[in-house]
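First comes the structure, then the notes that go with it.
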Amino acid sequence: MLHTINHSPFRSTSLETSLRFILPGDPVLFMEDGVYAVTAGGKYKAAIEKLAQTNPVYALGPDLKARGIAAVVANVKEVDYDGFVELTEEHLVNSWL
Amino acid sequence: MAEETEEIVKKFMHVMRRAPHGSIYTYEGLEMILIMAAFEQDITVVFVDDGVYSLVKKQETDGIGIKGFANTYRALDGYDVEKLYVDKTSMEERGLTEDDFIVDVEVKTSEEIGKLMQEQDVIVPH
């Protein structure tokens with residue numbers, strides 16, 4: 001199951017809540033304002049590092065670039081739109097809107 | 001054509017995560033659930049975060065000028081929608097108990113609901 005998170009963790013409970021439900025091994029993709037969660041110096045660094053130990057973690061590159069985010073938490077993989085589409089082809093999608 | 005349609009039954013999980021009156025999402029979600037139920041789909045509804053507030057008894061909405069829909073949850077049983085699960089953490093964070101809800105629900109841990117999510121064909125967020 002692919003979990004997608006598209007809201008900033010600073011104004012939405014999506015990240016905090018989804019972390020309770022995500023099972024080990026499930027890929028997690030941060031997109032749109034959701035990418036603010038994976039910034040290297042941000043509040044959620046520890047949470048993302050912990051998640052990345054058990055789950056593949058991705059951030060959508062164009063959304064990072066658009067927001068001027070150059071440094072992301074270690075082990076967060078950048079994907080482009082093609083990569084995003086591949087993930088959705090491989091997994092049932094659970095959007096944490 | 002009609003025969004083929006009857007045979008397609010998918011497992012849908014509706015995830016209610018918003019409070020009932022601040023947006024149209026929960027009400028629209030409930031309508032979608034009723035429509036899918038009329039087509040005899042295999043439906044699970046989970047209440048997470050502020051979504052648990054939509055189940056609270058005695059919501060009197062006259063004063064805010066809208067028609068309340070909490071009572072509509074009672075109709076789900078008649079459509080054989082019986083798998084209603086509340087996230088324990090969300091409920092407890094809001095100081096609620098099972099007795100506060102307008103319909104019978106089963107309280108489950110986030111992990112239990114997380115596993116149920118894996119068994120679905122489609123997850124519908126509201």
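All residue names refer to the structure tokens as shown: chains lettered A, B, ... in order, residues numbered from 1 in each chain, ligands numbered from 1 in order.
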Write down, as number ranges by chain, each residue of chain B that has any atom within 12 Å of an atom of chain A, counting only C-alpha atoms. B: 12-18, 25, 46-50, 87-90, 93, 108-126
I need the residues of chain B that end up classed as strand (DSSP E or B) by DSSP on the backbone, written out as number ranges by chain. B: 11-16, 42-47, 56, 83-87, 101, 106-108, 122-125
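As for CA of His3 (chain A) and CA of Phe30 (chain A), they are spaced 8.5 Å apart.
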Residues within 7 Å of region 80-84 of chain B, only C-alpha atoms, excluding chain neighbours under 6 positions, as a list of chain:residue names: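 The filter keeps B:Ala37, B:Ile43, B:Thr44, B:Val45, B:Val46, B:Val105, B:Glu106.
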Residues near Ala70 (chain B), anyone? I mean within 8 Å using only C-alpha atoms, not counting same-chain ones fewer than 4 positions away, as a list of chain:residue names.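 Final neighbour list, sorted by chain and number: B:Ser54, B:Leu55, B:Val56, B:Lys57, B:Gln59, B:Arg74, B:Ile102.
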Atoms kept (C-alpha atoms) for selection, written as a tab-separated table (two decimals), in the first residue's frame:
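Result went into part02.tsv, see below:
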chain	number	residue	atom	x	y	z
B	54	SER	CA	-19.51	13.12	13.20
B	55	LEU	CA	-20.81	10.13	15.20
B	56	VAL	CA	-21.56	12.09	18.37
B	57	LYS	CA	-25.14	11.88	19.69
B	59	GLN	CA	-26.04	17.17	17.51
B	74	ARG	CA	-28.54	4.78	11.68
B	102	ILE	CA	-25.16	7.47	17.71
